[in-house]
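Chemist: Dropping in model.pdb, which is PDB, C-alpha atoms, pLDDT in the B column:
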```
ATOM      1  CA  MET L   1      52.458  67.256 -57.983  1.00 46.00           C
ATOM      2  CA  THR L   2      55.910  65.950 -58.859  1.00 45.00           C
ATOM      3  CA  ASP L   3      57.049  62.320 -58.793  1.00 46.00           C
ATOM      4  CA  ASN L   4      58.297  60.674 -55.596  1.00 49.00           C
ATOM      5  CA  THR L   5      56.433  63.180 -53.411  1.00 48.00           C
ATOM      6  CA  ASN L   6      56.894  62.170 -49.802  1.00 49.00           C
ATOM      7  CA  TYR L   7      54.095  60.983 -47.566  1.00 48.00           C
ATOM      8  CA  GLN L   8      53.672  64.158 -45.514  1.00 48.00           C
ATOM      9  CA  ASP L   9      53.595  66.396 -48.582  1.00 50.00           C
ATOM     10  CA  GLN L  10      50.808  64.306 -50.062  1.00 48.00           C
ATOM     11  CA  MET L  11      48.762  64.548 -46.896  1.00 46.00           C
ATOM     12  CA  THR L  12      48.714  68.353 -47.181  1.00 47.00           C
ATOM     13  CA  SER L  13      48.190  68.451 -50.938  1.00 46.00           C
ATOM     14  CA  GLU L  14      45.048  69.932 -52.400  1.00 45.00           C
ATOM     15  CA  ASN L  15      44.681  66.705 -54.381  1.00 47.00           C
ATOM     16  CA  PHE L  16      43.444  65.059 -51.200  1.00 44.00           C
ATOM     17  CA  SER L  17      40.164  65.748 -49.504  1.00 48.00           C
ATOM     18  CA  ARG L  18      39.952  66.470 -45.781  1.00 51.00           C
ATOM     19  CA  ASP L  19      38.366  63.059 -45.229  1.00 50.00           C
ATOM     20  CA  ASN L  20      41.287  61.295 -46.911  1.00 49.00           C
ATOM     21  CA  ARG L  21      43.825  63.198 -44.817  1.00 49.00           C
ATOM     22  CA  GLU L  22      41.946  62.269 -41.654  1.00 48.00           C
ATOM     23  CA  VAL L  23      42.031  58.584 -42.632  1.00 45.00           C
ATOM     24  CA  ALA L  24      45.808  58.705 -42.996  1.00 44.00           C
ATOM     25  CA  ILE L  25      46.681  60.902 -39.965  1.00 50.00           C
ATOM     26  CA  ARG L  26      44.435  60.030 -37.013  1.00 65.00           C
ATOM     27  CA  MET L  27      43.847  56.553 -35.632  1.00 70.00           C
ATOM     28  CA  HIS L  28      41.125  55.029 -37.735  1.00 79.00           C
ATOM     29  CA  PRO L  29      38.323  53.045 -36.025  1.00 84.00           C
ATOM     30  CA  GLN L  30      39.568  49.949 -37.865  1.00 84.00           C
ATOM     31  CA  LYS L  31      42.939  50.290 -36.152  1.00 87.00           C
ATOM     32  CA  LEU L  32      41.305  50.815 -32.790  1.00 86.00           C
ATOM     33  CA  ALA L  33      39.116  47.751 -33.341  1.00 89.00           C
ATOM     34  CA  MET L  34      42.216  45.744 -34.267  1.00 88.00           C
ATOM     35  CA  TYR L  35      44.006  46.779 -31.071  1.00 91.00           C
ATOM     36  CA  ILE L  36      40.965  45.816 -29.004  1.00 91.00           C
ATOM     37  CA  SER L  37      40.709  42.467 -30.802  1.00 89.00           C
ATOM     38  CA  MET L  38      44.413  41.815 -30.259  1.00 91.00           C
ATOM     39  CA  LEU L  39      44.058  42.565 -26.564  1.00 93.00           C
ATOM     40  CA  SER L  40      41.111  40.193 -26.178  1.00 92.00           C
ATOM     41  CA  MET L  41      42.878  37.441 -28.142  1.00 90.00           C
ATOM     42  CA  THR L  42      46.015  37.889 -26.041  1.00 92.00           C
ATOM     43  CA  MET L  43      43.992  37.546 -22.853  1.00 92.00           C
ATOM     44  CA  PHE L  44      42.370  34.379 -24.224  1.00 90.00           C
ATOM     45  CA  PHE L  45      45.644  32.652 -25.073  1.00 89.00           C
ATOM     46  CA  VAL L  46      47.341  33.742 -21.850  1.00 90.00           C
ATOM     47  CA  ALA L  47      44.380  32.417 -19.859  1.00 89.00           C
ATOM     48  CA  LEU L  48      44.415  29.161 -21.830  1.00 86.00           C
ATOM     49  CA  THR L  49      48.128  28.532 -21.393  1.00 86.00           C
ATOM     50  CA  SER L  50      47.981  29.541 -17.730  1.00 86.00           C
ATOM     51  CA  ALA L  51      45.172  27.056 -17.134  1.00 82.00           C
ATOM     52  CA  LEU L  52      47.235  24.408 -18.880  1.00 79.00           C
ATOM     53  CA  LEU L  53      50.201  25.043 -16.593  1.00 79.00           C
ATOM     54  CA  PHE L  54      47.873  24.805 -13.610  1.00 78.00           C
ATOM     55  CA  LYS L  55      46.815  21.345 -14.813  1.00 71.00           C
ATOM     56  CA  LYS L  56      50.345  20.295 -15.711  1.00 69.00           C
ATOM     57  CA  GLY L  57      50.619  17.670 -13.007  1.00 62.00           C
ATOM     58  CA  GLN L  58      47.512  15.802 -14.186  1.00 58.00           C
ATOM     59  CA  ASP L  59      48.000  13.178 -16.928  1.00 62.00           C
ATOM     60  CA  TRP L  60      50.782  15.149 -18.582  1.00 66.00           C
ATOM     61  CA  PHE L  61      52.444  13.893 -21.726  1.00 67.00           C
ATOM     62  CA  SER L  62      55.458  14.842 -23.825  1.00 70.00           C
ATOM     63  CA  PHE L  63      56.066  14.288 -27.529  1.00 69.00           C
ATOM     64  CA  ALA L  64      58.559  15.054 -30.273  1.00 73.00           C
ATOM     65  CA  PRO L  65      57.020  17.458 -32.834  1.00 76.00           C
ATOM     66  CA  PRO L  66      57.741  16.886 -36.540  1.00 78.00           C
ATOM     67  CA  ALA L  67      60.970  18.503 -37.757  1.00 82.00           C
ATOM     68  CA  LEU L  68      59.008  21.132 -39.721  1.00 84.00           C
ATOM     69  CA  PHE L  69      57.752  22.544 -36.421  1.00 84.00           C
ATOM     70  CA  TYR L  70      61.174  24.056 -35.743  1.00 89.00           C
ATOM     71  CA  TYR L  71      61.199  26.016 -39.011  1.00 89.00           C
ATOM     72  CA  SER L  72      58.035  27.939 -38.184  1.00 90.00           C
ATOM     73  CA  PRO L  73      59.683  30.759 -36.150  1.00 92.00           C
ATOM     74  CA  ILE L  74      61.955  31.559 -39.109  1.00 93.00           C
ATOM     75  CA  LEU L  75      58.963  31.962 -41.406  1.00 93.00           C
ATOM     76  CA  VAL L  76      57.010  34.195 -39.024  1.00 93.00           C
ATOM     77  CA  VAL L  77      59.981  36.512 -38.447  1.00 94.00           C
ATOM     78  CA  LEU L  78      60.523  36.707 -42.213  1.00 95.00           C
ATOM     79  CA  ASN L  79      56.834  37.453 -42.741  1.00 95.00           C
ATOM     80  CA  SER L  80      56.810  40.326 -40.249  1.00 94.00           C
ATOM     81  CA  PHE L  81      59.978  41.798 -41.741  1.00 96.00           C
ATOM     82  CA  LEU L  82      58.597  41.671 -45.292  1.00 96.00           C
ATOM     83  CA  LEU L  83      55.306  43.301 -44.311  1.00 95.00           C
ATOM     84  CA  HIS L  84      57.137  46.007 -42.377  1.00 95.00           C
ATOM     85  CA  ARG L  85      59.280  46.724 -45.438  1.00 95.00           C
ATOM     86  CA  ALA L  86      56.256  46.631 -47.746  1.00 94.00           C
ATOM     87  CA  THR L  87      54.510  49.275 -45.637  1.00 93.00           C
ATOM     88  CA  LYS L  88      57.523  51.589 -45.779  1.00 94.00           C
ATOM     89  CA  LEU L  89      57.930  51.054 -49.512  1.00 91.00           C
ATOM     90  CA  TYR L  90      54.321  51.970 -50.231  1.00 89.00           C
ATOM     91  CA  LYS L  91      54.565  55.128 -48.129  1.00 90.00           C
ATOM     92  CA  SER L  92      57.625  56.170 -50.132  1.00 89.00           C
ATOM     93  CA  ALA L  93      55.733  55.524 -53.405  1.00 84.00           C
ATOM     94  CA  GLN L  94      57.982  52.621 -54.436  1.00 87.00           C
ATOM     95  CA  PHE L  95      55.014  50.684 -55.703  1.00 85.00           C
ATOM     96  CA  LYS L  96      56.781  47.959 -57.668  1.00 87.00           C
ATOM     97  CA  SER L  97      59.036  47.046 -54.741  1.00 91.00           C
ATOM     98  CA  PHE L  98      56.002  47.233 -52.481  1.00 90.00           C
ATOM     99  CA  ARG L  99      54.136  44.654 -54.560  1.00 91.00           C
ATOM    100  CA  ASN L 100      57.189  42.389 -54.681  1.00 93.00           C
ATOM    101  CA  HIS L 101      57.603  42.487 -50.903  1.00 94.00           C
ATOM    102  CA  LEU L 102      53.891  41.925 -50.444  1.00 94.00           C
ATOM    103  CA  LEU L 103      54.064  38.865 -52.691  1.00 95.00           C
ATOM    104  CA  LEU L 104      57.038  37.494 -50.743  1.00 96.00           C
ATOM    105  CA  ALA L 105      55.135  38.103 -47.509  1.00 96.00           C
ATOM    106  CA  LEU L 106      52.188  36.177 -48.941  1.00 95.00           C
ATOM    107  CA  LEU L 107      54.459  33.281 -49.925  1.00 96.00           C
ATOM    108  CA  SER L 108      56.038  33.192 -46.464  1.00 95.00           C
ATOM    109  CA  ALA L 109      52.563  33.234 -44.893  1.00 94.00           C
ATOM    110  CA  VAL L 110      51.422  30.355 -47.100  1.00 94.00           C
ATOM    111  CA  GLY L 111      54.640  28.519 -46.246  1.00 93.00           C
ATOM    112  CA  PHE L 112      53.967  29.038 -42.562  1.00 92.00           C
ATOM    113  CA  PHE L 113      50.420  27.756 -43.000  1.00 91.00           C
ATOM    114  CA  LEU L 114      51.695  24.633 -44.775  1.00 91.00           C
ATOM    115  CA  VAL L 115      54.272  24.024 -42.045  1.00 90.00           C
ATOM    116  CA  GLN L 116      51.502  24.274 -39.464  1.00 86.00           C
ATOM    117  CA  TRP L 117      49.299  21.963 -41.515  1.00 87.00           C
ATOM    118  CA  PHE L 118      51.908  19.224 -41.824  1.00 87.00           C
ATOM    119  CA  THR L 119      52.893  19.651 -38.180  1.00 82.00           C
ATOM    120  CA  TRP L 120      49.247  19.237 -37.242  1.00 80.00           C
ATOM    121  CA  GLU L 121      48.948  16.109 -39.395  1.00 81.00           C
ATOM    122  CA  GLY L 122      52.073  14.667 -37.801  1.00 77.00           C
ATOM    123  CA  ILE L 123      50.708  15.253 -34.325  1.00 74.00           C
ATOM    124  CA  LEU L 124      47.321  13.777 -35.240  1.00 73.00           C
ATOM    125  CA  ASP L 125      49.133  10.644 -36.429  1.00 74.00           C
ATOM    126  CA  MET L 126      50.396  10.233 -32.873  1.00 70.00           C
ATOM    127  CA  ARG L 127      46.757   9.649 -31.862  1.00 69.00           C
ATOM    128  CA  LEU L 128      47.011  11.576 -28.631  1.00 63.00           C
ATOM    129  CA  ASP L 129      44.205  10.751 -26.229  1.00 61.00           C
ATOM    130  CA  ARG L 130      41.860  13.754 -26.253  1.00 59.00           C
ATOM    131  CA  ARG L 131      40.583  12.758 -22.817  1.00 59.00           C
ATOM    132  CA  VAL L 132      43.982  13.653 -21.350  1.00 63.00           C
ATOM    133  CA  VAL L 133      43.868  17.259 -20.132  1.00 65.00           C
ATOM    134  CA  SER L 134      47.183  18.348 -21.665  1.00 68.00           C
ATOM    135  CA  ALA L 135      46.275  16.799 -25.041  1.00 71.00           C
ATOM    136  CA  ALA L 136      42.865  18.483 -25.084  1.00 74.00           C
ATOM    137  CA  PHE L 137      44.399  21.878 -24.285  1.00 76.00           C
ATOM    138  CA  PHE L 138      47.029  21.373 -26.961  1.00 76.00           C
ATOM    139  CA  TYR L 139      44.412  20.688 -29.635  1.00 78.00           C
ATOM    140  CA  VAL L 140      42.471  23.807 -28.635  1.00 80.00           C
ATOM    141  CA  ILE L 141      45.602  25.986 -28.748  1.00 81.00           C
ATOM    142  CA  MET L 142      46.612  24.738 -32.193  1.00 81.00           C
ATOM    143  CA  LEU L 143      43.095  24.997 -33.601  1.00 84.00           C
ATOM    144  CA  MET L 144      42.536  28.565 -32.386  1.00 85.00           C
ATOM    145  CA  HIS L 145      45.868  29.738 -33.753  1.00 85.00           C
ATOM    146  CA  ALA L 146      45.173  27.979 -37.064  1.00 86.00           C
ATOM    147  CA  LEU L 147      41.910  29.924 -37.407  1.00 88.00           C
ATOM    148  CA  HIS L 148      43.727  33.226 -36.875  1.00 88.00           C
ATOM    149  CA  LEU L 149      46.389  32.156 -39.344  1.00 89.00           C
ATOM    150  CA  LEU L 150      43.843  31.223 -41.998  1.00 91.00           C
ATOM    151  CA  GLY L 151      42.150  34.597 -41.620  1.00 90.00           C
ATOM    152  CA  GLY L 152      45.499  36.367 -41.922  1.00 91.00           C
ATOM    153  CA  VAL L 153      46.473  34.500 -45.087  1.00 93.00           C
ATOM    154  CA  SER L 154      43.086  35.277 -46.659  1.00 93.00           C
ATOM    155  CA  ALA L 155      43.375  38.985 -45.828  1.00 93.00           C
ATOM    156  CA  LEU L 156      46.937  39.128 -47.151  1.00 93.00           C
ATOM    157  CA  LEU L 157      45.841  37.474 -50.387  1.00 94.00           C
ATOM    158  CA  VAL L 158      43.066  40.055 -50.846  1.00 93.00           C
ATOM    159  CA  VAL L 159      45.413  42.998 -50.196  1.00 90.00           C
ATOM    160  CA  TRP L 160      48.033  41.609 -52.580  1.00 91.00           C
ATOM    161  CA  PHE L 161      45.439  41.024 -55.319  1.00 90.00           C
ATOM    162  CA  LYS L 162      44.149  44.594 -54.981  1.00 87.00           C
ATOM    163  CA  ALA L 163      47.711  45.930 -55.089  1.00 85.00           C
ATOM    164  CA  TRP L 164      48.474  43.904 -58.213  1.00 85.00           C
ATOM    165  CA  ARG L 165      45.226  44.979 -59.879  1.00 82.00           C
ATOM    166  CA  SER L 166      45.981  48.644 -59.116  1.00 79.00           C
ATOM    167  CA  ARG L 167      49.449  48.618 -60.696  1.00 73.00           C
ATOM    168  CA  LYS L 168      48.071  50.707 -63.600  1.00 74.00           C
ATOM    169  CA  ASP L 169      45.844  52.913 -61.488  1.00 68.00           C
ATOM    170  CA  GLU L 170      45.809  56.289 -63.267  1.00 58.00           C
ATOM    171  CA  LEU L 171      44.565  58.189 -60.224  1.00 63.00           C
ATOM    172  CA  PHE L 172      47.331  57.133 -57.827  1.00 66.00           C
ATOM    173  CA  GLU L 173      50.114  54.764 -58.885  1.00 65.00           C
ATOM    174  CA  LEU L 174      50.827  56.041 -62.399  1.00 62.00           C
ATOM    175  CA  ARG L 175      51.147  59.528 -60.910  1.00 66.00           C
ATOM    176  CA  ASN L 176      53.284  58.313 -57.970  1.00 69.00           C
ATOM    177  CA  ILE L 177      50.609  59.343 -55.503  1.00 72.00           C
ATOM    178  CA  ILE L 178      49.889  57.378 -52.353  1.00 76.00           C
ATOM    179  CA  ASN L 179      46.340  56.240 -51.649  1.00 79.00           C
ATOM    180  CA  PRO L 180      45.655  56.962 -47.934  1.00 80.00           C
ATOM    181  CA  LYS L 181      42.969  54.282 -47.785  1.00 82.00           C
ATOM    182  CA  ARG L 182      45.448  51.696 -49.036  1.00 85.00           C
ATOM    183  CA  VAL L 183      47.944  52.863 -46.412  1.00 86.00           C
ATOM    184  CA  LEU L 184      45.291  52.164 -43.791  1.00 88.00           C
ATOM    185  CA  ALA L 185      44.559  48.690 -45.173  1.00 88.00           C
ATOM    186  CA  ILE L 186      48.253  47.797 -45.277  1.00 91.00           C
ATOM    187  CA  GLU L 187      48.886  49.099 -41.765  1.00 92.00           C
ATOM    188  CA  VAL L 188      45.947  47.185 -40.289  1.00 92.00           C
ATOM    189  CA  LEU L 189      47.008  44.022 -42.118  1.00 93.00           C
ATOM    190  CA  THR L 190      50.617  44.392 -40.964  1.00 93.00           C
ATOM    191  CA  LEU L 191      49.461  45.019 -37.408  1.00 94.00           C
ATOM    192  CA  PHE L 192      47.395  41.836 -37.442  1.00 93.00           C
ATOM    193  CA  TRP L 193      50.245  39.766 -38.863  1.00 93.00           C
ATOM    194  CA  HIS L 194      52.716  41.131 -36.315  1.00 94.00           C
ATOM    195  CA  PHE L 195      50.263  39.959 -33.672  1.00 93.00           C
ATOM    196  CA  VAL L 196      49.784  36.500 -35.223  1.00 92.00           C
ATOM    197  CA  ASP L 197      53.537  36.095 -35.639  1.00 91.00           C
ATOM    198  CA  GLY L 198      54.285  37.266 -32.106  1.00 93.00           C
ATOM    199  CA  LEU L 199      51.573  34.996 -30.763  1.00 92.00           C
ATOM    200  CA  TRP L 200      53.113  32.020 -32.521  1.00 92.00           C
ATOM    201  CA  ILE L 201      56.562  32.769 -31.069  1.00 93.00           C
ATOM    202  CA  TYR L 202      54.935  32.723 -27.624  1.00 92.00           C
ATOM    203  CA  LEU L 203      53.072  29.473 -28.349  1.00 90.00           C
ATOM    204  CA  PHE L 204      56.151  27.902 -29.945  1.00 91.00           C
ATOM    205  CA  LEU L 205      58.212  28.569 -26.813  1.00 91.00           C
ATOM    206  CA  PHE L 206      55.357  27.397 -24.608  1.00 87.00           C
ATOM    207  CA  ILE L 207      55.050  24.107 -26.512  1.00 84.00           C
ATOM    208  CA  PHE L 208      58.822  23.646 -26.710  1.00 85.00           C
ATOM    209  CA  PHE L 209      59.381  24.041 -22.970  1.00 84.00           C
ATOM    210  CA  ASN L 210      56.251  22.246 -21.767  1.00 78.00           C
ATOM    211  CA  TYR L 211      55.545  19.471 -24.278  1.00 72.00           C
ATOM    212  CA  THR L 212      58.823  18.366 -25.827  1.00 67.00           C
TER     213      THR L 212
END
```
Once you've parsed the file, please lay out its structure as structure tokens.
Modeler:
Amino acid sequence: MTDNTNYQDQMTSENFSRDNREVAIRMHPQKLAMYISMLSMTMFFVALTSALLFKKGQDWFSFAPPALFYYSPILVVLNSFLLHRATKLYKSAQFKSFRNHLLLALLSAVGFFLVQWFTWEGILDMRLDRRVVSAAFFYVIMLMHALHLLGGVSALLVVWFKAWRSRKDELFELRNIINPKRVLAIEVLTLFWHFVDGLWIYLFLFIFFNYT
């Protein structure tokens, strides 16, 4: 097999087993499970924000979020773009560029997490009364999204570490061959992060128009 072999050629190569080709071509159960999880999480947050709007007339409060809050959409858009590019780069066997984009995506994700952390600390310093309905809902929304974000950062760190460790992999990377199982891992990770990023854009707009 020659260098820079494209993705489709590799899928039909004799160097790959039938099982490996199936992993790369059909929808893997992990992807299906991710779609189902995303659907359930979407329903949860939509139900939560809808309930909050229903209660909006009861003990409502407004506040001015810390300035860092307004930088968060920039970071999530950057993160999604970098992961999208990283996926394409890996599929075209540009492994060094892939690792660089993955590292930048990790840094943007960590930056987003830190922005959320300091925003959270700033809001806690306001000592909002948790007995007020709108304050209680707000804490739940932020906490649930933070848990998803923490899971996403951890998964991204694991994928980046494996990619860095495999930079001298004689079976795949040194021969410019794509690992179908790694393609699956990257695609599932990117799918999850697109969801987390899109969810935050929704929550950011919800908070901006209803709390500030």
Chemist: What does the PyMOL selection byres ((chain L and resi 66) around 12) select in this file, as a list in words?
Modeler: Phe63, Ala64, Pro65, Ala67, Leu68, Phe69, Tyr70, Tyr71, Ser72, Val115, Gln116, Trp117, Phe118, Thr119, Trp120, Glu121, Gly122, Ile123, Leu124, Asp125, Met126, Phe208 and Thr212 of chain L
Chemist: Mind giving me the straight-line distance from CA of Ile201 (chain L) to CA of Lys55 (chain L) in Å, one decimal?
Modeler: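 Spanning CA of Ile201 (chain L) to CA of Lys55 (chain L) is a straight-line distance of 22.1 Å.
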Chemist: Evaluate the PyMOL selection byres ((chain L and resi 110) around 10) on the structure here and hand back the selected residues as a list in words.
Modeler: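 On this input, the PyMOL selection byres ((chain L and resi 110) around 10) captures Leu75, Asn79, Leu104, Ala105, Leu106, Leu107, Ser108, Ala109, Gly111, Phe112, Phe113, Leu114, Val115, Gln116, Leu149, Leu150, Gly152, Val153, Ser154, Leu156 and Leu157 of chain L.
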Chemist: For CA of Arg99 (chain L) and CA of Gly151 (chain L), quote the distance in Å rounded to one decimal.
Modeler: 20.3 Å
Chemist: State, in Å with one decimal place, the distance from CA of Val158 (chain L) to CA of Thr190 (chain L).
Modeler: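 Separation between CA of Val158 (chain L) and CA of Thr190 (chain L): 13.2 Å.
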Chemist: Exactly which residues make up the result of the PyMOL selection byres ((chain L and resi 29-40) around 10) on this file, given as a short mmCIF file (atom, residue, chain, number, x, y, z; two decimals) with C-alpha atoms, in the coordinates of the input?
Modeler:
```cif
data_model
loop_
_atom_site.label_atom_id
_atom_site.label_comp_id
_atom_site.auth_asym_id
_atom_site.auth_seq_id
_atom_site.Cartn_x
_atom_site.Cartn_y
_atom_site.Cartn_z
CA VAL L 23 42.03 58.58 -42.63
CA ARG L 26 44.44 60.03 -37.01
CA MET L 27 43.85 56.55 -35.63
CA HIS L 28 41.12 55.03 -37.74
CA MET L 41 42.88 37.44 -28.14
CA THR L 42 46.02 37.89 -26.04
CA MET L 43 43.99 37.55 -22.85
CA PHE L 44 42.37 34.38 -24.22
CA PHE L 45 45.64 32.65 -25.07
CA VAL L 46 47.34 33.74 -21.85
CA LEU L 184 45.29 52.16 -43.79
CA ALA L 185 44.56 48.69 -45.17
CA GLU L 187 48.89 49.10 -41.76
CA VAL L 188 45.95 47.18 -40.29
CA LEU L 189 47.01 44.02 -42.12
CA LEU L 191 49.46 45.02 -37.41
CA PHE L 192 47.40 41.84 -37.44
CA PHE L 195 50.26 39.96 -33.67
CA VAL L 196 49.78 36.50 -35.22
CA LEU L 199 51.57 35.00 -30.76
#
```
Chemist: Go through L:Val159, L:His101, L:His194, L:Leu48 one by one, measure the shortest atom-to-atom distance of each to Lys181 (chain L) using only C-alpha atoms, and give the residue with the smallest value.
Modeler: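 Of L:Val159, L:His101, L:His194, L:Leu48, the one nearest Lys181 (chain L) is L:Val159, counting only C-alpha atoms.
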Chemist: Pick from L:Leu53, L:Leu82, L:Met142, L:Ala163: nearest to Val183 (chain L), with only C-alpha atoms counted?
Modeler: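 Result for the nearest residue to Val183 (chain L): L:Ala163.
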